>>> print(open('model33.cif').read())   # mmCIF, C-alpha atoms and all ligand atoms
data_data
#
loop_
_atom_site.label_atom_id
_atom_site.label_comp_id
_atom_site.auth_asym_id
_atom_site.auth_seq_id
_atom_site.Cartn_x
_atom_site.Cartn_y
_atom_site.Cartn_z
CA MET A 214 99.12 82.46 8.76
CA PRO A 215 100.25 83.82 5.36
CA ARG A 216 100.94 87.53 5.36
CA LEU A 217 98.10 89.73 4.16
CA LEU A 218 99.94 93.01 3.77
CA GLY A 219 101.97 93.44 0.60
CA ARG A 220 100.60 90.41 -1.23
CA LYS A 221 100.09 92.93 -3.98
CA THR A 222 102.53 95.85 -4.35
CA VAL A 223 102.25 98.67 -6.88
CA ARG A 224 105.54 100.51 -7.40
CA TYR A 225 105.78 103.97 -8.88
CA GLY A 226 108.69 106.22 -9.82
CA SER A 227 107.57 109.77 -9.14
CA VAL A 228 104.03 110.40 -7.84
CA THR A 229 102.26 113.16 -5.97
CA SER A 230 101.64 111.07 -2.85
CA THR A 231 101.44 107.32 -2.26
CA ASN A 232 98.40 107.95 -0.02
CA LEU A 233 96.61 109.66 -2.91
CA MET A 234 97.56 106.92 -5.37
CA LEU A 235 96.36 104.19 -3.04
CA LYS A 236 93.14 106.09 -2.40
CA GLU A 237 92.45 106.07 -6.16
CA LEU A 238 93.23 102.35 -6.37
CA ALA A 239 90.95 101.66 -3.40
CA MET A 240 88.12 103.56 -5.11
CA ALA A 241 88.71 101.26 -8.11
CA ASP A 242 88.26 98.29 -5.75
CA ILE A 243 91.82 97.10 -5.26
CA GLU A 244 92.22 94.39 -2.63
CA ALA A 245 92.91 94.92 1.07
CA GLY A 246 96.57 94.68 2.02
CA THR A 247 97.76 96.33 -1.20
CA VAL A 248 100.92 98.39 -0.80
CA VAL A 249 101.93 101.37 -2.92
CA THR A 250 105.51 102.62 -2.96
CA ALA A 251 107.18 105.52 -4.77
CA THR A 252 110.79 106.53 -5.38
CA VAL A 253 109.88 110.21 -5.08
CA GLN A 254 106.77 112.05 -3.88
CA THR A 255 106.28 115.51 -5.31
CA GLU A 256 103.44 116.32 -2.90
CA GLY A 257 104.18 114.09 0.08
CA ARG A 258 101.76 114.99 2.84
CA GLY A 259 101.98 115.27 6.59
CA ARG A 260 99.07 115.81 8.97
CA LEU A 261 96.92 118.96 8.86
CA GLY A 262 97.96 119.77 5.28
CA ARG A 263 101.66 119.94 6.11
CA LYS A 264 104.29 118.96 3.58
CA TRP A 265 106.38 115.79 3.86
CA GLU A 266 109.71 116.07 2.04
CA SER A 267 110.15 112.88 0.01
CA PRO A 268 113.23 112.92 -2.24
CA GLU A 269 114.83 109.80 -3.71
CA GLY A 270 116.40 107.45 -1.16
CA GLY A 271 113.56 107.38 1.38
CA LEU A 272 110.94 104.72 1.94
CA TRP A 273 107.59 106.22 0.98
CA MET A 274 104.76 103.76 1.11
CA SER A 275 101.06 103.33 1.85
CA VAL A 276 99.17 100.24 2.95
CA LEU A 277 95.46 99.57 2.46
CA LEU A 278 93.83 98.18 5.60
CA GLU A 279 90.19 97.13 5.49
CA PHE A 280 87.98 96.86 8.58
CA ASP A 281 85.21 94.39 8.94
CA ARG A 282 81.73 95.57 9.92
CA SER A 283 82.22 94.79 13.60
CA PHE A 284 85.20 97.12 13.99
CA ASP A 285 84.50 100.00 16.36
CA ILE A 286 85.70 103.00 14.40
CA ARG A 287 86.48 104.89 17.62
CA ARG A 288 89.58 102.70 17.83
CA ILE A 289 91.00 104.18 14.63
CA GLY A 290 93.50 106.15 16.75
CA LEU A 291 95.35 102.90 17.37
CA LEU A 292 96.40 102.72 13.70
CA PRO A 293 99.14 105.37 13.58
CA LEU A 294 100.41 104.04 16.90
CA MET A 295 100.70 100.47 15.67
CA ALA A 296 102.28 101.64 12.41
CA GLY A 297 104.85 103.67 14.36
CA ALA A 298 105.57 100.73 16.66
CA SER A 299 106.05 98.51 13.59
CA VAL A 300 108.59 100.89 12.07
CA ALA A 301 110.39 101.41 15.39
CA THR A 302 110.68 97.63 15.87
CA ALA A 303 111.77 96.96 12.28
CA VAL A 304 114.48 99.65 12.33
CA ALA A 305 115.76 98.48 15.72
CA MET A 306 115.91 94.87 14.52
CA GLU A 307 117.52 95.49 11.14
CA TYR A 308 120.07 98.11 12.15
CA ASP A 309 120.51 97.60 15.86
CA MET A 310 119.43 101.18 16.51
CA GLU A 311 117.68 102.56 19.57
CA THR A 312 114.30 103.73 18.36
CA GLY A 313 111.29 105.11 20.21
CA VAL A 314 107.77 106.27 19.42
CA LYS A 315 106.33 109.69 20.15
CA TRP A 316 102.59 110.19 20.35
CA PRO A 317 100.80 110.20 18.00
CA ASN A 318 102.71 109.43 14.84
CA ASP A 319 106.49 109.76 15.04
CA VAL A 320 109.41 107.39 15.28
CA LEU A 321 112.47 109.04 16.77
CA VAL A 322 116.14 108.14 17.02
CA GLY A 323 118.26 110.21 19.38
CA GLY A 324 115.39 112.69 19.75
CA ARG A 325 115.19 113.25 15.97
CA LYS A 326 112.37 112.28 13.63
CA LEU A 327 113.14 109.27 11.48
CA CYS A 328 109.61 108.46 10.37
CA GLY A 329 106.15 110.01 10.17
CA ILE A 330 102.80 108.29 9.70
CA LEU A 331 99.65 109.62 8.04
CA CYS A 332 96.49 107.49 8.37
CA GLU A 333 93.39 108.43 6.42
CA PHE A 334 89.96 106.83 6.76
CA ILE A 335 88.04 106.22 3.53
CA GLU A 336 84.81 104.49 2.58
CA PRO A 337 85.00 103.19 -0.98
CA GLY A 338 81.49 101.91 -1.70
CA GLU A 339 80.44 99.54 1.07
CA ARG A 340 83.99 99.11 2.37
CA ARG A 341 85.61 100.84 5.36
CA CYS A 342 89.34 101.27 4.94
CA ALA A 343 92.36 103.11 6.23
CA ILE A 344 95.21 104.27 4.08
CA THR A 345 98.26 103.94 6.29
CA GLY A 346 101.03 106.16 4.92
CA ILE A 347 104.53 105.54 6.20
CA GLY A 348 107.48 107.79 5.43
CA VAL A 349 110.92 106.70 6.62
CA ASN A 350 114.07 108.70 6.01
CA VAL A 351 116.49 106.00 4.88
CA ASN A 352 119.18 107.05 2.37
CA ASN A 353 117.72 110.48 1.54
CA PRO A 354 119.43 113.63 2.78
CA VAL A 355 117.68 115.26 5.72
CA ARG A 356 120.26 116.96 7.86
CA ALA A 357 121.17 119.93 5.71
CA ASP A 358 118.45 121.34 3.57
CA TYR A 359 115.28 121.95 5.50
CA ALA A 360 113.95 124.11 8.31
CA PHE A 361 113.26 120.92 10.28
CA SER A 362 116.74 119.47 9.61
CA HIS A 363 117.95 119.85 13.19
CA GLN A 364 114.99 117.72 14.32
CA SER A 365 115.27 114.93 11.77
CA THR A 366 117.52 112.02 10.93
CA SER A 367 117.78 109.03 8.60
CA VAL A 368 118.84 105.39 8.81
CA ALA A 369 121.95 106.11 6.68
CA GLU A 370 122.88 109.03 8.92
CA GLU A 371 122.57 106.91 12.05
CA CYS A 372 124.47 103.87 10.79
CA ALA A 373 126.90 105.73 8.51
CA ARG A 374 126.11 103.67 5.39
CA THR A 375 123.39 103.36 2.81
CA VAL A 376 121.05 100.42 3.21
CA PRO A 377 118.70 98.56 0.83
CA LEU A 378 115.12 99.82 1.01
CA GLU A 379 113.52 96.43 0.22
CA VAL A 380 114.78 94.77 3.40
CA LEU A 381 113.35 97.50 5.61
CA GLU A 382 110.10 97.60 3.66
CA ASN A 383 109.63 93.86 4.10
CA THR A 384 110.36 93.88 7.82
CA ILE A 385 108.03 96.82 8.43
CA LEU A 386 105.25 94.97 6.60
CA GLU A 387 105.86 91.84 8.68
CA GLU A 388 105.65 93.88 11.87
CA LEU A 389 102.56 95.75 10.70
CA ASP A 390 100.91 92.50 9.62
CA PHE A 391 101.46 91.09 13.11
CA ARG A 392 99.91 94.17 14.79
CA TRP A 393 97.05 94.28 12.29
CA GLY A 394 96.33 90.70 13.37
CA LEU A 395 96.14 91.86 17.01
CA LEU A 396 93.78 94.71 16.08
CA SER A 397 91.56 92.43 13.98
CA GLU A 398 91.33 89.94 16.88
CA GLY A 399 90.34 92.73 19.28
CA ASN A 400 93.57 92.38 21.25
CA PHE A 401 93.71 96.12 22.01
CA GLN A 402 95.51 95.94 25.33
CA LYS A 403 98.41 94.11 23.71
CA LEU A 404 98.74 96.96 21.20
CA VAL A 405 98.60 99.49 24.02
CA ASP A 406 101.31 97.64 25.98
CA ASP A 407 103.46 97.21 22.89
CA TRP A 408 103.35 100.95 22.09
CA GLN A 409 103.85 102.01 25.68
CA ASP A 410 106.94 99.76 25.97
CA MET A 411 108.71 101.82 23.31
CA SER A 412 107.10 105.16 24.11
CA LEU A 413 109.17 108.30 24.59
CA THR A 414 106.06 110.28 25.54
CA VAL A 415 104.78 108.40 28.59
CA GLY A 416 106.02 109.97 31.82
CA LYS A 417 106.98 113.26 30.15
CA HIS A 418 105.61 116.73 30.76
CA VAL A 419 103.80 117.51 27.52
CA THR A 420 101.96 120.27 25.75
CA VAL A 421 99.37 119.01 23.29
CA GLU A 422 97.79 121.35 20.78
CA THR A 423 94.35 119.91 20.11
CA PRO A 424 91.57 121.20 17.86
CA SER A 425 89.81 122.42 21.02
CA GLY A 426 92.74 124.06 22.77
CA ILE A 427 96.03 123.35 24.53
CA VAL A 428 96.36 120.58 27.10
CA ARG A 429 99.34 120.66 29.46
CA GLY A 430 100.35 118.00 31.95
CA ILE A 431 102.10 114.70 32.42
CA ALA A 432 101.49 111.96 29.83
CA ARG A 433 100.41 108.88 31.75
CA GLY A 434 99.82 106.49 28.84
CA ILE A 435 97.39 105.73 26.05
CA ASP A 436 93.95 104.17 26.28
CA GLN A 437 92.46 101.45 24.10
CA THR A 438 91.38 103.98 21.45
CA GLY A 439 94.91 105.34 21.09
CA ALA A 440 94.07 108.58 22.94
CA LEU A 441 96.84 110.11 25.06
CA VAL A 442 95.94 110.22 28.74
CA VAL A 443 97.28 113.43 30.26
CA GLU A 444 97.20 114.27 33.95
CA THR A 445 96.55 117.98 34.25
CA SER A 446 96.17 119.84 37.52
CA GLY A 447 93.52 117.90 39.33
CA GLU A 448 92.07 115.90 36.45
CA THR A 449 92.83 113.38 33.74
CA ARG A 450 92.15 114.22 30.10
CA SER A 451 92.10 111.87 27.11
CA VAL A 452 93.35 113.54 23.97
CA ASN A 453 92.35 111.96 20.66
CA ALA A 454 94.33 114.09 18.25
CA GLY A 455 96.88 116.87 18.30
CA ASP A 456 100.51 117.93 18.10
CA CYS A 457 102.48 116.89 21.13
CA GLN A 458 105.63 118.52 22.46
CA HIS A 459 107.81 116.91 25.10
CA LEU A 460 108.91 119.49 27.65
CA GLU A 461 111.64 117.47 29.37
C1 LIG B 1 103.85 113.31 9.46
O1 LIG B 1 103.16 114.48 9.52
O2 LIG B 1 104.81 113.05 10.11
C2 LIG B 1 103.28 112.34 8.45
C3 LIG B 1 104.22 111.99 7.35
C4 LIG B 1 103.67 110.91 6.46
C5 LIG B 1 104.48 110.70 5.23
C6 LIG B 1 104.05 109.50 4.44
S1 LIG B 1 105.14 109.15 3.13
C7 LIG B 1 104.05 108.03 2.44
C8 LIG B 1 102.65 108.61 2.63
N1 LIG B 1 102.29 109.49 1.52
C9 LIG B 1 102.13 110.75 1.91
O3 LIG B 1 101.81 111.70 1.17
N2 LIG B 1 102.34 110.83 3.26
C10 LIG B 1 102.65 109.56 3.83
P1 LIG B 1 103.39 115.62 10.62
O4 LIG B 1 103.41 115.02 11.98
O5 LIG B 1 102.36 116.63 10.30
O6 LIG B 1 104.84 116.14 10.32
C11 LIG B 1 105.10 117.00 9.23
C12 LIG B 1 106.27 117.88 9.60
O7 LIG B 1 107.47 117.08 9.65
C13 LIG B 1 106.56 118.95 8.57
O8 LIG B 1 105.83 120.13 8.84
C14 LIG B 1 108.07 119.17 8.72
O9 LIG B 1 108.34 120.05 9.79
C15 LIG B 1 108.57 117.80 9.11
N3 LIG B 1 109.06 117.03 7.96
C16 LIG B 1 108.70 117.12 6.65
N4 LIG B 1 109.35 116.22 5.91
C17 LIG B 1 110.13 115.51 6.77
C18 LIG B 1 111.05 114.43 6.61
N5 LIG B 1 111.29 113.84 5.43
N6 LIG B 1 111.69 113.99 7.74
C19 LIG B 1 111.47 114.54 8.96
N7 LIG B 1 110.62 115.55 9.17
C20 LIG B 1 109.95 116.04 8.09
#
>>> encode(input="model33.cif", output="structure tokens")
Amino acid sequence: MPRLLGRKTVRYGSVTSTNLMLKELAMADIEAGTVVTATVQTEGRGRLGRKWESPEGGLWMSVLLEFDRSFDIRRIGLLPLMAGASVATAVAMEYDMETGVKWPNDVLVGGRKLCGILCEFIEPGERRCAITGIGVNVNNPVRADYAFSHQSTSVAEECARTVPLEVLENTILEELDFRWGLLSEGNFQKLVDDWQDMSLTVGKHVTVETPSGIVRGIARGIDQTGALVVETSGETRSVNAGDCQHLE
């Protein structure tokens, strides 16, 4: 099957946010699978209105995924997980690094954040789409300048050399294309197994800050909607969204 994702790529120098740019293009009817990249983002965004530092040297990109009518939107939580698994696999393959995924949207190396994902659901006209934003620290500096520096890393930092962005971009898109195929075919359990195989969260004591309060317990896995299943004292809770901390 020819690859869908990245058949069309729009490359920018400096933009506010690749997610915002792609959203505008989607509103103007650009085709599914389109990728937007930027050298620099001046207003790179994390979840919950947080800032994502995006200086030159990193891989900042967004991918337009379009659902067909039969897609059950409750499964949207699988998207950041499959994007994270795609990045973790691509980085491990290209640079022989040990990567892992942390629920819901991080890729870590040596306990430090290498990549963050921001998925946004939009409905341009009759279409139902997700903007999948992927930010990977590659050759950009991360270790010195920021409050989060002690918790972050980059590909260059980990392999002590700068690397070409295009190679990583292409491999991530191949991996994401494969997982998008699984999602489109309804092969949810395979996505669950794939993510759980590289998960750093499963089996850990966690604290999850959710919109409706804090959930504490042992992470047992994810379900087929991407929710984190947490065993708390005496019961099992499924958490759809939140900030997760590993306690051990
Ligand atoms: C994320 O949010 O991790 C989602 C990041 C998504 C970025 C991509 S880049 C392409 C696309 N366009 C966008 O505008 N966004 C997407 P969250 O889990 O909320 O983490 C945000 C937190 O990570 C911040 O509050 C900082 O503490 C930390 N942080 C910010 N920049 C970082 C960086 N470059 N590397 C590591 N950590 C960072």
>>> closest_residue(input="model33.cif", among="A:Ala298, A:Leu441, A:Ala245, A:Leu389", to="Glu279 (chain A)", atoms="only C-alpha atoms")
A:Ala245
>>> residues_near_ligand(input="model33.cif", ligand="ligand LIG 1 (chain B)", cutoff="7 Å", atoms="only C-alpha atoms and all ligand atoms", output="PDB file with C-alpha atoms, keeping the file's coordinate frame")
ATOM      1  CA  SER A 230     101.640 111.070  -2.850  1.00  0.00           C
ATOM      2  CA  THR A 231     101.440 107.320  -2.260  1.00  0.00           C
ATOM      3  CA  ASN A 232      98.400 107.950  -0.020  1.00  0.00           C
ATOM      4  CA  LEU A 233      96.610 109.660  -2.910  1.00  0.00           C
ATOM      5  CA  GLU A 256     103.440 116.320  -2.900  1.00  0.00           C
ATOM      6  CA  GLY A 257     104.180 114.090   0.080  1.00  0.00           C
ATOM      7  CA  ARG A 258     101.760 114.990   2.840  1.00  0.00           C
ATOM      8  CA  GLY A 259     101.980 115.270   6.590  1.00  0.00           C
ATOM      9  CA  ARG A 260      99.070 115.810   8.970  1.00  0.00           C
ATOM     10  CA  LEU A 261      96.920 118.960   8.860  1.00  0.00           C
ATOM     11  CA  ARG A 263     101.660 119.940   6.110  1.00  0.00           C
ATOM     12  CA  LYS A 264     104.290 118.960   3.580  1.00  0.00           C
ATOM     13  CA  TRP A 265     106.380 115.790   3.860  1.00  0.00           C
ATOM     14  CA  GLU A 266     109.710 116.070   2.040  1.00  0.00           C
ATOM     15  CA  SER A 267     110.150 112.880   0.010  1.00  0.00           C
ATOM     16  CA  TRP A 273     107.590 106.220   0.980  1.00  0.00           C
ATOM     17  CA  MET A 274     104.760 103.760   1.110  1.00  0.00           C
ATOM     18  CA  SER A 275     101.060 103.330   1.850  1.00  0.00           C
ATOM     19  CA  ASN A 318     102.710 109.430  14.840  1.00  0.00           C
ATOM     20  CA  ASP A 319     106.490 109.760  15.040  1.00  0.00           C
ATOM     21  CA  LYS A 326     112.370 112.280  13.630  1.00  0.00           C
ATOM     22  CA  LEU A 327     113.140 109.270  11.480  1.00  0.00           C
ATOM     23  CA  CYS A 328     109.610 108.460  10.370  1.00  0.00           C
ATOM     24  CA  GLY A 329     106.150 110.010  10.170  1.00  0.00           C
ATOM     25  CA  ILE A 330     102.800 108.290   9.700  1.00  0.00           C
ATOM     26  CA  LEU A 331      99.650 109.620   8.040  1.00  0.00           C
ATOM     27  CA  GLY A 346     101.030 106.160   4.920  1.00  0.00           C
ATOM     28  CA  ILE A 347     104.530 105.540   6.200  1.00  0.00           C
ATOM     29  CA  GLY A 348     107.480 107.790   5.430  1.00  0.00           C
ATOM     30  CA  ASN A 350     114.070 108.700   6.010  1.00  0.00           C
ATOM     31  CA  VAL A 355     117.680 115.260   5.720  1.00  0.00           C
ATOM     32  CA  PHE A 361     113.260 120.920  10.280  1.00  0.00           C
ATOM     33  CA  SER A 365     115.270 114.930  11.770  1.00  0.00           C
ATOM     34  CA  THR A 366     117.520 112.020  10.930  1.00  0.00           C
TER      35      THR A 366
END
>>> atom_distance(input="model33.cif", atom1="CA of Leu396 (chain A)", atom2="CA of Leu218 (chain A)")
13.9 Å
>>> closest_residue(input="model33.cif", among="A:Val320, A:Leu460, A:Pro215, A:Thr345", to="Ala303 (chain A)", atoms="all atoms listed in the file")
A:Val320
>>> closest_residue(input="model33.cif", among="A:Thr247, A:Ser299, A:Ser362, A:Thr384", to="Cys342 (chain A)", atoms="only C-alpha atoms")
A:Thr247
>>> atom_distance(input="model33.cif", atom1="CA of Gln437 (chain A)", atom2="CA of Arg288 (chain A)")
7.0 Å
